[in-house]
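Worksheet: the structure to be examined is printed underneath.
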Amino acid sequence: MTLHLAKLTLNLQSRQARKDLADPYDMHRTLNRAFTGPDGLSPFLWRLEDSRPGELPVLLVQSKDAPDWQQLPEHWSVDQAQRVWEPEKVIRPGQWVRFRVLVNPTITTVPKGVDVQGSARGHRKRLGLTKAEDQLGWLQRQGQRLGLRDMDATVVRSGKVRSSKKKGHPMTVVIALLEGQALVGDAAALAGGIRTGIGHARMLGLGLISVAPL
């Protein structure tokens with residue numbers, strides 16, 4: 001099954017684009033227009049790439065169905081490039097790959113005195129990981145689920161992103177941009193992770209894994 005991967009260059013002269021850049025929930029809501037059809041909303045992942053001063057902002061958008069960019073606001077972007085690919089045809093076991101992913105690294109905790117096996121349901125709390133070593137540990141655990149081995153990764157940047165529109169309440173999540181390389185042990189598991197993304201808060205532009213063979 002093919003994936004559609006698009007690179008959108010946003011137009012800073014567009015008021016809507018500037019508004020979306022200021023709030024990831026607004027960005028997701030605008031992108032929804034390109035993936036809403038008779039059968040409802042088709043799932044997609046997106047990530048705002050880092051840019052240098054003076055450069056226009058660039059979005060990566062990945063989906064299983066072809067988007068309809070004509071549904072986006074007029075003049076919202078100045079360039080759209082798109083290609084299709086199949087992770088299963090590119091990734092092979094025993095292959096070294098480089099990767100980049102912007103994620104919400106978290107752990108789930110249970111208050112003291114609460115039975116983890118029984119009454120913990122409804123009491124669990126998700127906490128963002130702010131230390132680099134904890135973020136890399138989170139990535140190692142994710143890498144195991146993705147069938148990656150011998151991972152060497154770094155935290156490019158970390159911080160927090162705020163969205164004001166989640167069910168009408170402000171929401172702040174910890175984010176980390178992680179890059180590195182790893183050996184593919186289970187190509188099918190990695191391909192599955194590429195398709196679905198990893199971690200939480202994917203609607204805020206998190207979880208999209210970019211992978212390329214070395």
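Labels used: A, B, ... for chains in the order of the structure tokens, numbers from 1 for residues in each chain, and numbers from 1 for ligands as shown.
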
Inset, instruction - Could you pull out the residues in stretch 23-185 of chain A that DSSP calls strand (DSSP E) from the backbone, as a PyMOL selection string? - result: chain A and resi 36-37+40-41+44-48+58-63+77-85+96-103+106-109+125-128+148-166+169-184

Contact table stretch 142-181 of chain A vs stretch 76-100 of chain A, cut-off 6 Å, shortest pair per residue, only C-alpha atoms, as JSON lines:
```
{"residue": "A:Leu178", "atom": "CA", "partner": "A:Arg100", "partner_atom": "CA", "distance": 5.7}
{"residue": "A:Glu179", "atom": "CA", "partner": "A:Arg100", "partner_atom": "CA", "distance": 4.5}
{"residue": "A:Gly180", "atom": "CA", "partner": "A:Phe99", "partner_atom": "CA", "distance": 5.6}
{"residue": "A:Gln181", "atom": "CA", "partner": "A:Arg98", "partner_atom": "CA", "distance": 4.1}
```

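Distance check against A:Asp20 using only C-alpha atoms: of A:Ser163, A:Thr154, A:Pro213, A:Val61, the minimum falls on A:Ser163.
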
Inset, instruction - Work out how far atom CA of A:Pro73 is from atom CA of A:Ser164, in Å to one decimal. - result: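 Atom CA of A:Ser164 sits 21.2 Å away from atom CA of A:Pro73.
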
Legend entry - A:Val173 environment, 12 Å, only C-alpha atoms, sequence neighbours closer than 6 positions dropped, as a list of chain:residue names: A:Pro24, A:Val103, A:Asn104, A:Pro105, A:Thr106, A:Arg126, A:Leu127, A:Gly128, A:Leu129, A:Thr130, A:Ser158, A:Gly159, A:Lys160, A:Val161, A:Arg162, A:Ser163, A:Ser164, A:Lys166, A:Gly199, A:His200, A:Ala201, A:Arg202, A:Met203, A:Leu204, A:Gly205, A:Leu206

Inset, instruction - Go ahead and compute the interatomic distance for atom CA of A:Leu8 and atom CA of A:Pro53, in Å to one decimal. - result: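 Atom CA of A:Pro53 lies 17.7 Å from atom CA of A:Leu8.
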
Legend entry - Test item: residues at most 10 Å from A:Gly197, only C-alpha atoms, excluding those fewer than 4 positions along its chain, as an NGL selection string: :A and (44-46 or 62 or 101 or 103 or 190-193 or 202 or 206-210)

Emit the selected residues as a CSV table (one decimal), in the first residue's frame, including C-alpha atoms.
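Now in out.csv:
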```
chain,number,residue,atom,x,y,z
A,44,PHE,CA,-2.8,11.8,8.1
A,45,LEU,CA,0.3,12.8,9.9
A,46,TRP,CA,2.1,16.1,9.6
A,62,GLN,CA,1.8,12.0,5.1
A,101,VAL,CA,10.9,12.4,14.4
A,103,VAL,CA,7.5,13.5,19.3
A,190,LEU,CA,9.2,-0.2,11.1
A,191,ALA,CA,7.0,0.1,8.1
A,192,GLY,CA,4.0,-0.1,10.4
A,193,GLY,CA,5.3,2.6,12.6
A,202,ARG,CA,-0.3,13.3,16.7
A,206,LEU,CA,3.9,15.0,16.3
A,207,GLY,CA,4.8,11.3,15.6
A,208,LEU,CA,5.6,11.4,11.8
A,209,ILE,CA,8.8,9.4,11.3
A,210,SER,CA,11.0,10.3,8.4
```
